[in-house]
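Inspection log for the structure reproduced underneath, given as structure tokens.
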Amino acid sequence: MIQNIVFDMGNVLLRFDRDFFLDAVGVQDSDRRLLLNNVYLSVEWARMDRGSMTEAEAAEGMCRRLPQRLHETAHLLVDRWDRPILPVPGMEQLIADLKQAGYHVYLLSNASCRQHEYWPRVPGSQYFDGTLISADVKLVKPEAEIYRLLYKTFDLVPEECLFIDDSTQNIEGAERTGMPGIVFHGDAEELRGEMKALEIHIP
């Protein structure tokens, strides 16, 4: 029986909208592809998630591939994308309903060390019983080791957990370690219905 709900963060609890971030710092059309490729789709971003590179180190690496005029923008895209937080509609209420129904909720996210800074501003974060962040443990989803560390850290039985993530690879990785999952497609009400179909008892 499911007793614990494990959530991803980006594009599950909050929107990670690269186009919005580029617009927010005033990136012109002619520079969008260059900044997208060299910031958000860069190996440095992956290294931040793994905890092998700080934000400052990552931004410096990105800037080495960018013209001088875009250096300040690159730093802003790394350091300020979370201002403002863009919550996924309906997710805070869903988490509140799960807690009221007696479920434990946990976070398993690929994120940099700075996650701890903005996490309190994520709507619904106050309901979580525990969090495991990739940069802190030097492991990333969908590696089996990070799921096993989650179970060990919070004394969870995989078959008693349900994992919610927007990545099919991450769900598949979780299922390979015994934790069933649902791929989230951005609709909280759709997710609520899928959870009820698995006999999760929420309003």
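Naming scheme: A, B, ... for chains in displayed order of the structure tokens; residues 1 onward per chain; ligands 1 onward as shown.
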Point to revise | Sel. of strand (DSSP E or B) residues, segment 17-117 of chain A, as a list in words | key: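 Here is the list: Pro87, His104, Val105, Tyr106, Leu107, Leu108 and Ser109 of chain A.
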Per DSSP on the backbone, what are the helix (DSSP H, G or I) residues of segment 15-87 of chain A, as a count of residues only? 48
Min atom-atom distance to Tyr106 of chain A from the set A:Asp129, A:Asp19, A:Glu199, A:Asp82, counting only C-alpha atoms, belongs to A:Asp129
Long-range neighbours of Glu160 of chain A as a PDB file with N, CA, C and O atoms, in the first residue's frame, 8 Å cut-off, only C-alpha atoms, 3 positions minimum in chain:
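Writing the result to selection25.pdb gives the following:
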```
ATOM      1  N   MET A   1       0.851  -1.196   0.000  1.00  0.00           N
ATOM      2  CA  MET A   1       0.000   0.000   0.000  1.00  0.00           C
ATOM      3  C   MET A   1       0.890   1.251   0.000  1.00  0.00           C
ATOM      4  O   MET A   1       1.875   1.325   0.734  1.00  0.00           O
ATOM      5  N   ILE A   2       0.538   2.223  -0.807  1.00  0.00           N
ATOM      6  CA  ILE A   2       1.308   3.452  -0.914  1.00  0.00           C
ATOM      7  C   ILE A   2       1.115   4.301   0.342  1.00  0.00           C
ATOM      8  O   ILE A   2      -0.013   4.605   0.741  1.00  0.00           O
ATOM      9  N   GLN A   3       2.227   4.684   0.938  1.00  0.00           N
ATOM     10  CA  GLN A   3       2.210   5.535   2.126  1.00  0.00           C
ATOM     11  C   GLN A   3       2.980   6.837   1.939  1.00  0.00           C
ATOM     12  O   GLN A   3       2.795   7.779   2.713  1.00  0.00           O
ATOM     13  N   ASN A   4       3.836   6.870   0.919  1.00  0.00           N
ATOM     14  CA  ASN A   4       4.729   8.010   0.717  1.00  0.00           C
ATOM     15  C   ASN A   4       4.683   8.468  -0.741  1.00  0.00           C
ATOM     16  O   ASN A   4       4.733   7.640  -1.649  1.00  0.00           O
ATOM     17  N   LEU A 156      12.501   4.286   3.861  1.00  0.00           N
ATOM     18  CA  LEU A 156      11.337   4.039   3.014  1.00  0.00           C
ATOM     19  C   LEU A 156      11.424   2.672   2.359  1.00  0.00           C
ATOM     20  O   LEU A 156      12.509   2.206   2.013  1.00  0.00           O
ATOM     21  N   VAL A 157      10.280   2.065   2.148  1.00  0.00           N
ATOM     22  CA  VAL A 157      10.169   0.830   1.375  1.00  0.00           C
ATOM     23  C   VAL A 157       9.751   1.235  -0.040  1.00  0.00           C
ATOM     24  O   VAL A 157       8.719   1.891  -0.206  1.00  0.00           O
ATOM     25  N   MET A 179      10.304   1.354  -7.059  1.00  0.00           N
ATOM     26  CA  MET A 179       9.342   2.415  -6.737  1.00  0.00           C
ATOM     27  C   MET A 179       8.478   2.724  -7.952  1.00  0.00           C
ATOM     28  O   MET A 179       8.979   3.168  -8.976  1.00  0.00           O
TER      29      MET A 179
END
```
_Need the shell around Gly61 of chain A: protein/DNA/RNA residues with any atom at most 12 Å away, counting only C-alpha atoms. Skip same-chain ones fewer than 5 positions apart. Format as a PyMOL selection string?_
chain A and resi 38-39+42-45+47-48+53-56+66+71+74-75+78
Written selection (all heavy atoms) as a short mmCIF file (atom, residue, chain, number, x, y, z; two decimals), in the first residue's frame:
```cif
data_model
loop_
_atom_site.label_atom_id
_atom_site.label_comp_id
_atom_site.auth_asym_id
_atom_site.auth_seq_id
_atom_site.Cartn_x
_atom_site.Cartn_y
_atom_site.Cartn_z
N ASN A 38 24.51 27.50 -24.30
CA ASN A 38 25.71 27.63 -23.49
C ASN A 38 25.44 27.84 -22.00
O ASN A 38 26.39 27.84 -21.21
CB ASN A 38 26.58 28.77 -24.03
CG ASN A 38 27.26 28.40 -25.32
OD1 ASN A 38 28.24 27.65 -25.31
ND2 ASN A 38 26.74 28.88 -26.44
N VAL A 39 24.17 27.98 -21.63
CA VAL A 39 23.81 28.09 -20.22
C VAL A 39 22.96 26.89 -19.81
O VAL A 39 23.43 25.95 -19.17
CB VAL A 39 23.09 29.42 -19.90
CG1 VAL A 39 22.67 29.47 -18.44
CG2 VAL A 39 24.02 30.60 -20.21
N SER A 42 24.06 23.33 -21.14
CA SER A 42 25.51 23.15 -21.06
C SER A 42 25.89 22.02 -20.12
O SER A 42 25.12 21.63 -19.23
CB SER A 42 26.16 24.45 -20.56
OG SER A 42 25.81 24.68 -19.19
N VAL A 43 27.10 21.52 -20.29
CA VAL A 43 27.63 20.50 -19.38
C VAL A 43 27.84 21.11 -17.99
O VAL A 43 27.73 20.40 -16.98
CB VAL A 43 28.92 19.88 -19.94
CG1 VAL A 43 30.07 20.88 -19.93
CG2 VAL A 43 29.30 18.63 -19.17
N GLU A 44 28.10 22.40 -17.92
CA GLU A 44 28.26 23.04 -16.61
C GLU A 44 26.97 22.97 -15.80
O GLU A 44 27.02 22.78 -14.58
CB GLU A 44 28.67 24.51 -16.77
CG GLU A 44 30.10 24.71 -17.22
CD GLU A 44 30.24 24.76 -18.73
OE1 GLU A 44 29.23 24.54 -19.45
OE2 GLU A 44 31.35 25.03 -19.22
N TRP A 45 25.83 23.10 -16.47
CA TRP A 45 24.55 23.00 -15.75
C TRP A 45 24.40 21.60 -15.17
O TRP A 45 23.98 21.42 -14.02
CB TRP A 45 23.38 23.34 -16.67
CG TRP A 45 22.14 23.66 -15.88
CD1 TRP A 45 21.23 22.77 -15.38
CD2 TRP A 45 21.71 24.95 -15.48
NE1 TRP A 45 20.25 23.43 -14.68
CE2 TRP A 45 20.51 24.77 -14.73
CE3 TRP A 45 22.18 26.24 -15.67
CZ2 TRP A 45 19.81 25.84 -14.17
CZ3 TRP A 45 21.49 27.31 -15.12
CH2 TRP A 45 20.32 27.10 -14.38
N ARG A 47 26.81 19.67 -14.33
CA ARG A 47 27.78 19.53 -13.23
C ARG A 47 27.29 20.23 -11.97
O ARG A 47 27.58 19.78 -10.86
CB ARG A 47 29.13 20.08 -13.68
CG ARG A 47 29.83 19.18 -14.69
CD ARG A 47 31.09 19.80 -15.25
NE ARG A 47 31.76 18.87 -16.16
CZ ARG A 47 32.61 19.23 -17.11
NH1 ARG A 47 32.91 20.52 -17.28
NH2 ARG A 47 33.17 18.33 -17.90
N MET A 48 26.53 21.32 -12.10
CA MET A 48 25.93 21.94 -10.92
C MET A 48 24.96 20.98 -10.26
O MET A 48 24.92 20.84 -9.04
CB MET A 48 25.20 23.24 -11.30
CG MET A 48 26.11 24.41 -11.59
SD MET A 48 25.20 25.98 -11.62
CE MET A 48 24.07 25.74 -12.99
N MET A 53 30.38 21.24 -9.39
CA MET A 53 30.73 22.59 -9.81
C MET A 53 29.77 23.57 -9.14
O MET A 53 28.56 23.33 -9.07
CB MET A 53 30.62 22.68 -11.34
CG MET A 53 31.06 24.00 -11.95
SD MET A 53 31.11 23.91 -13.78
CE MET A 53 32.77 23.25 -14.03
N THR A 54 30.29 24.66 -8.60
CA THR A 54 29.44 25.69 -8.00
C THR A 54 28.82 26.55 -9.09
O THR A 54 29.24 26.52 -10.26
CB THR A 54 30.25 26.59 -7.07
OG1 THR A 54 31.19 27.35 -7.87
CG2 THR A 54 30.99 25.78 -6.00
N GLU A 55 27.84 27.36 -8.70
CA GLU A 55 27.23 28.28 -9.66
C GLU A 55 28.27 29.23 -10.24
O GLU A 55 28.28 29.50 -11.44
CB GLU A 55 26.11 29.08 -8.99
CG GLU A 55 24.76 28.39 -8.99
CD GLU A 55 24.62 27.38 -7.87
OE1 GLU A 55 25.59 27.16 -7.11
OE2 GLU A 55 23.52 26.80 -7.75
N ALA A 56 29.15 29.75 -9.38
CA ALA A 56 30.16 30.70 -9.86
C ALA A 56 31.11 30.03 -10.85
O ALA A 56 31.44 30.61 -11.90
CB ALA A 56 30.93 31.26 -8.67
N LEU A 66 31.19 32.49 -24.48
CA LEU A 66 30.28 33.56 -24.86
C LEU A 66 31.02 34.88 -25.06
O LEU A 66 32.04 35.12 -24.41
CB LEU A 66 29.22 33.76 -23.76
CG LEU A 66 28.21 32.62 -23.58
CD1 LEU A 66 27.44 32.80 -22.28
CD2 LEU A 66 27.26 32.54 -24.76
N HIS A 71 28.25 38.15 -20.80
CA HIS A 71 28.71 37.56 -19.55
C HIS A 71 27.78 37.88 -18.38
O HIS A 71 27.43 37.00 -17.60
CB HIS A 71 30.14 38.01 -19.25
CG HIS A 71 31.16 37.37 -20.12
ND1 HIS A 71 32.51 37.46 -19.88
CD2 HIS A 71 31.03 36.62 -21.26
CE1 HIS A 71 33.17 36.79 -20.82
NE2 HIS A 71 32.29 36.28 -21.67
N ALA A 74 24.65 35.85 -18.66
CA ALA A 74 24.85 34.45 -18.30
C ALA A 74 24.82 34.28 -16.79
O ALA A 74 24.21 33.33 -16.27
CB ALA A 74 26.17 33.94 -18.88
N HIS A 75 25.48 35.16 -16.07
CA HIS A 75 25.47 35.08 -14.61
C HIS A 75 24.05 35.25 -14.06
O HIS A 75 23.65 34.55 -13.12
CB HIS A 75 26.39 36.14 -14.02
CG HIS A 75 27.84 35.76 -14.02
ND1 HIS A 75 28.42 35.03 -13.01
CD2 HIS A 75 28.83 35.99 -14.94
CE1 HIS A 75 29.70 34.82 -13.28
NE2 HIS A 75 29.98 35.39 -14.44
N VAL A 78 22.05 32.06 -14.46
CA VAL A 78 22.44 31.04 -13.49
C VAL A 78 21.94 31.38 -12.09
O VAL A 78 21.39 30.54 -11.38
CB VAL A 78 23.98 30.87 -13.48
CG1 VAL A 78 24.42 29.97 -12.33
CG2 VAL A 78 24.46 30.29 -14.80
#
```
Could you name the residues that touch Thr153 of chain A at 10 Å or less, counting only C-alpha atoms, but leaving out those on the same chain fewer than 5 positions away, as a PyMOL selection string?
chain A and resi 130-132+147-148
Using N, CA and C atoms, can you write the selected residues to a file as a JSON list (two decimals), in the first residue's frame?
```
[["chain", "number", "residue", "atom", "x", "y", "z"],
["A", 130, "GLY", "N", 10.83, 15.53, 4.03],
["A", 130, "GLY", "CA", 12.26, 15.43, 3.80],
["A", 130, "GLY", "C", 12.60, 15.72, 2.36],
["A", 131, "THR", "N", 13.84, 16.11, 2.10],
["A", 131, "THR", "CA", 14.30, 16.40, 0.75],
["A", 131, "THR", "C", 15.66, 15.74, 0.51],
["A", 132, "LEU", "N", 15.87, 15.31, -0.72],
["A", 132, "LEU", "CA", 17.17, 14.78, -1.14],
["A", 132, "LEU", "C", 17.53, 15.46, -2.45],
["A", 147, "TYR", "N", 18.14, 6.77, -5.93],
["A", 147, "TYR", "CA", 16.86, 6.27, -5.40],
["A", 147, "TYR", "C", 17.11, 5.42, -4.16],
["A", 148, "ARG", "N", 18.14, 4.59, -4.21],
["A", 148, "ARG", "CA", 18.44, 3.73, -3.05],
["A", 148, "ARG", "C", 18.86, 4.57, -1.85]]
```
query: Taking into account only C-alpha atoms, which residue in the set A:Asp8, A:Asp155, A:Glu172, A:Asp79 is nearest to Leu108 of chain A?
result: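 With only C-alpha atoms as the atom set, the closest residue is A:Asp8.
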**Prompt:** Counting only C-alpha atoms, what is within 12 Å of Pro203 of chain A, bar same-chain residues fewer than 5 positions away, as a PyMOL selection string?
**Reply:** chain A and resi 93-101+189+192-193+195-196
For the residues in that selection, give me N, CA, C and O atoms as a short mmCIF file (atom, residue, chain, number, x, y, z; two decimals), in the first residue's frame.
```
data_model
loop_
_atom_site.label_atom_id
_atom_site.label_comp_id
_atom_site.auth_asym_id
_atom_site.auth_seq_id
_atom_site.Cartn_x
_atom_site.Cartn_y
_atom_site.Cartn_z
N GLN A 93 -1.98 22.75 -3.50
CA GLN A 93 -3.20 22.21 -2.90
C GLN A 93 -3.19 20.69 -2.89
O GLN A 93 -3.62 20.06 -1.92
N LEU A 94 -2.68 20.09 -3.95
CA LEU A 94 -2.60 18.63 -4.00
C LEU A 94 -1.72 18.10 -2.87
O LEU A 94 -2.07 17.13 -2.19
N ILE A 95 -0.59 18.74 -2.66
CA ILE A 95 0.31 18.31 -1.58
C ILE A 95 -0.34 18.51 -0.23
O ILE A 95 -0.25 17.64 0.65
N ALA A 96 -1.03 19.63 -0.04
CA ALA A 96 -1.74 19.86 1.22
C ALA A 96 -2.79 18.77 1.46
O ALA A 96 -2.95 18.28 2.59
N ASP A 97 -3.49 18.39 0.41
CA ASP A 97 -4.52 17.35 0.54
C ASP A 97 -3.90 16.00 0.86
O ASP A 97 -4.46 15.22 1.65
N LEU A 98 -2.75 15.71 0.27
CA LEU A 98 -2.05 14.45 0.57
C LEU A 98 -1.64 14.40 2.04
O LEU A 98 -1.80 13.37 2.71
N LYS A 99 -1.11 15.50 2.54
CA LYS A 99 -0.70 15.54 3.95
C LYS A 99 -1.91 15.38 4.87
O LYS A 99 -1.85 14.65 5.87
N GLN A 100 -3.00 16.05 4.53
CA GLN A 100 -4.21 15.95 5.34
C GLN A 100 -4.75 14.53 5.35
O GLN A 100 -5.31 14.07 6.35
N ALA A 101 -4.54 13.82 4.24
CA ALA A 101 -5.01 12.44 4.14
C ALA A 101 -4.06 11.45 4.83
O ALA A 101 -4.34 10.24 4.84
N GLU A 189 -4.74 18.38 -11.87
CA GLU A 189 -6.00 17.64 -11.76
C GLU A 189 -5.89 16.28 -12.44
O GLU A 189 -6.45 15.29 -11.96
N ARG A 192 -4.04 14.16 -10.05
CA ARG A 192 -4.91 13.76 -8.94
C ARG A 192 -5.76 12.55 -9.35
O ARG A 192 -5.91 11.59 -8.58
N GLY A 193 -6.27 12.58 -10.58
CA GLY A 193 -7.07 11.46 -11.07
C GLY A 193 -6.26 10.19 -11.21
O GLY A 193 -6.74 9.10 -10.86
N MET A 195 -3.63 9.42 -9.49
CA MET A 195 -3.31 8.94 -8.15
C MET A 195 -4.51 8.22 -7.52
O MET A 195 -4.36 7.18 -6.89
N LYS A 196 -5.69 8.76 -7.75
CA LYS A 196 -6.90 8.10 -7.23
C LYS A 196 -7.06 6.71 -7.86
O LYS A 196 -7.49 5.76 -7.19
#
```
- Task: Go through A:Gly10, A:Asp136, A:Tyr127, A:Ala24 and flag the residue nearest Pro84 of chain A, using only C-alpha atoms for the distances.
- Result: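 That would be A:Ala24, the residue with the smallest distance to Pro84 of chain A.
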Fewer than 3 positions away in the same chain doesn't count, so skip those; otherwise give me all residues within 7 Å of Ser112 of chain A, counting only C-alpha atoms, as a PDB file with all heavy atoms, in the first residue's frame.
```pdb
ATOM      1  N   MET A  48      26.532  21.320 -12.105  1.00  0.00           N
ATOM      2  CA  MET A  48      25.927  21.944 -10.923  1.00  0.00           C
ATOM      3  C   MET A  48      24.957  20.979 -10.264  1.00  0.00           C
ATOM      4  O   MET A  48      24.923  20.842  -9.036  1.00  0.00           O
ATOM      5  CB  MET A  48      25.201  23.237 -11.303  1.00  0.00           C
ATOM      6  CG  MET A  48      26.105  24.407 -11.588  1.00  0.00           C
ATOM      7  SD  MET A  48      25.204  25.982 -11.617  1.00  0.00           S
ATOM      8  CE  MET A  48      24.065  25.742 -12.987  1.00  0.00           C
ATOM      9  N   ASP A  49      24.150  20.308 -11.066  1.00  0.00           N
ATOM     10  CA  ASP A  49      23.199  19.338 -10.516  1.00  0.00           C
ATOM     11  C   ASP A  49      23.921  18.196  -9.804  1.00  0.00           C
ATOM     12  O   ASP A  49      23.434  17.682  -8.791  1.00  0.00           O
ATOM     13  CB  ASP A  49      22.315  18.770 -11.620  1.00  0.00           C
ATOM     14  CG  ASP A  49      21.196  19.716 -12.032  1.00  0.00           C
ATOM     15  OD1 ASP A  49      21.034  20.769 -11.379  1.00  0.00           O
ATOM     16  OD2 ASP A  49      20.486  19.399 -13.007  1.00  0.00           O
ATOM     17  N   GLY A  51      26.724  18.479  -8.315  1.00  0.00           N
ATOM     18  CA  GLY A  51      27.465  19.003  -7.184  1.00  0.00           C
ATOM     19  C   GLY A  51      28.960  19.016  -7.386  1.00  0.00           C
ATOM     20  O   GLY A  51      29.728  19.187  -6.440  1.00  0.00           O
ATOM     21  N   GLN A 115      19.678  25.169  -4.270  1.00  0.00           N
ATOM     22  CA  GLN A 115      18.279  24.784  -4.059  1.00  0.00           C
ATOM     23  C   GLN A 115      17.810  25.118  -2.650  1.00  0.00           C
ATOM     24  O   GLN A 115      16.664  25.514  -2.440  1.00  0.00           O
ATOM     25  CB  GLN A 115      18.115  23.289  -4.347  1.00  0.00           C
ATOM     26  CG  GLN A 115      16.674  22.820  -4.385  1.00  0.00           C
ATOM     27  CD  GLN A 115      16.154  22.364  -3.034  1.00  0.00           C
ATOM     28  OE1 GLN A 115      16.895  22.260  -2.058  1.00  0.00           O
ATOM     29  NE2 GLN A 115      14.868  22.066  -2.995  1.00  0.00           N
ATOM     30  N   ALA A 135      22.878  17.595  -5.872  1.00  0.00           N
ATOM     31  CA  ALA A 135      24.177  18.234  -5.660  1.00  0.00           C
ATOM     32  C   ALA A 135      24.749  17.912  -4.287  1.00  0.00           C
ATOM     33  O   ALA A 135      25.975  17.861  -4.121  1.00  0.00           O
ATOM     34  CB  ALA A 135      24.062  19.747  -5.835  1.00  0.00           C
TER      35      ALA A 135
END
```
Suppose you want the space between atom CA of Phe21 of chain A and atom CA of Gly173 of chain A; what is it in Å?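 Atom CA of Gly173 of chain A lies at a distance of 29.1 Å from atom CA of Phe21 of chain A.
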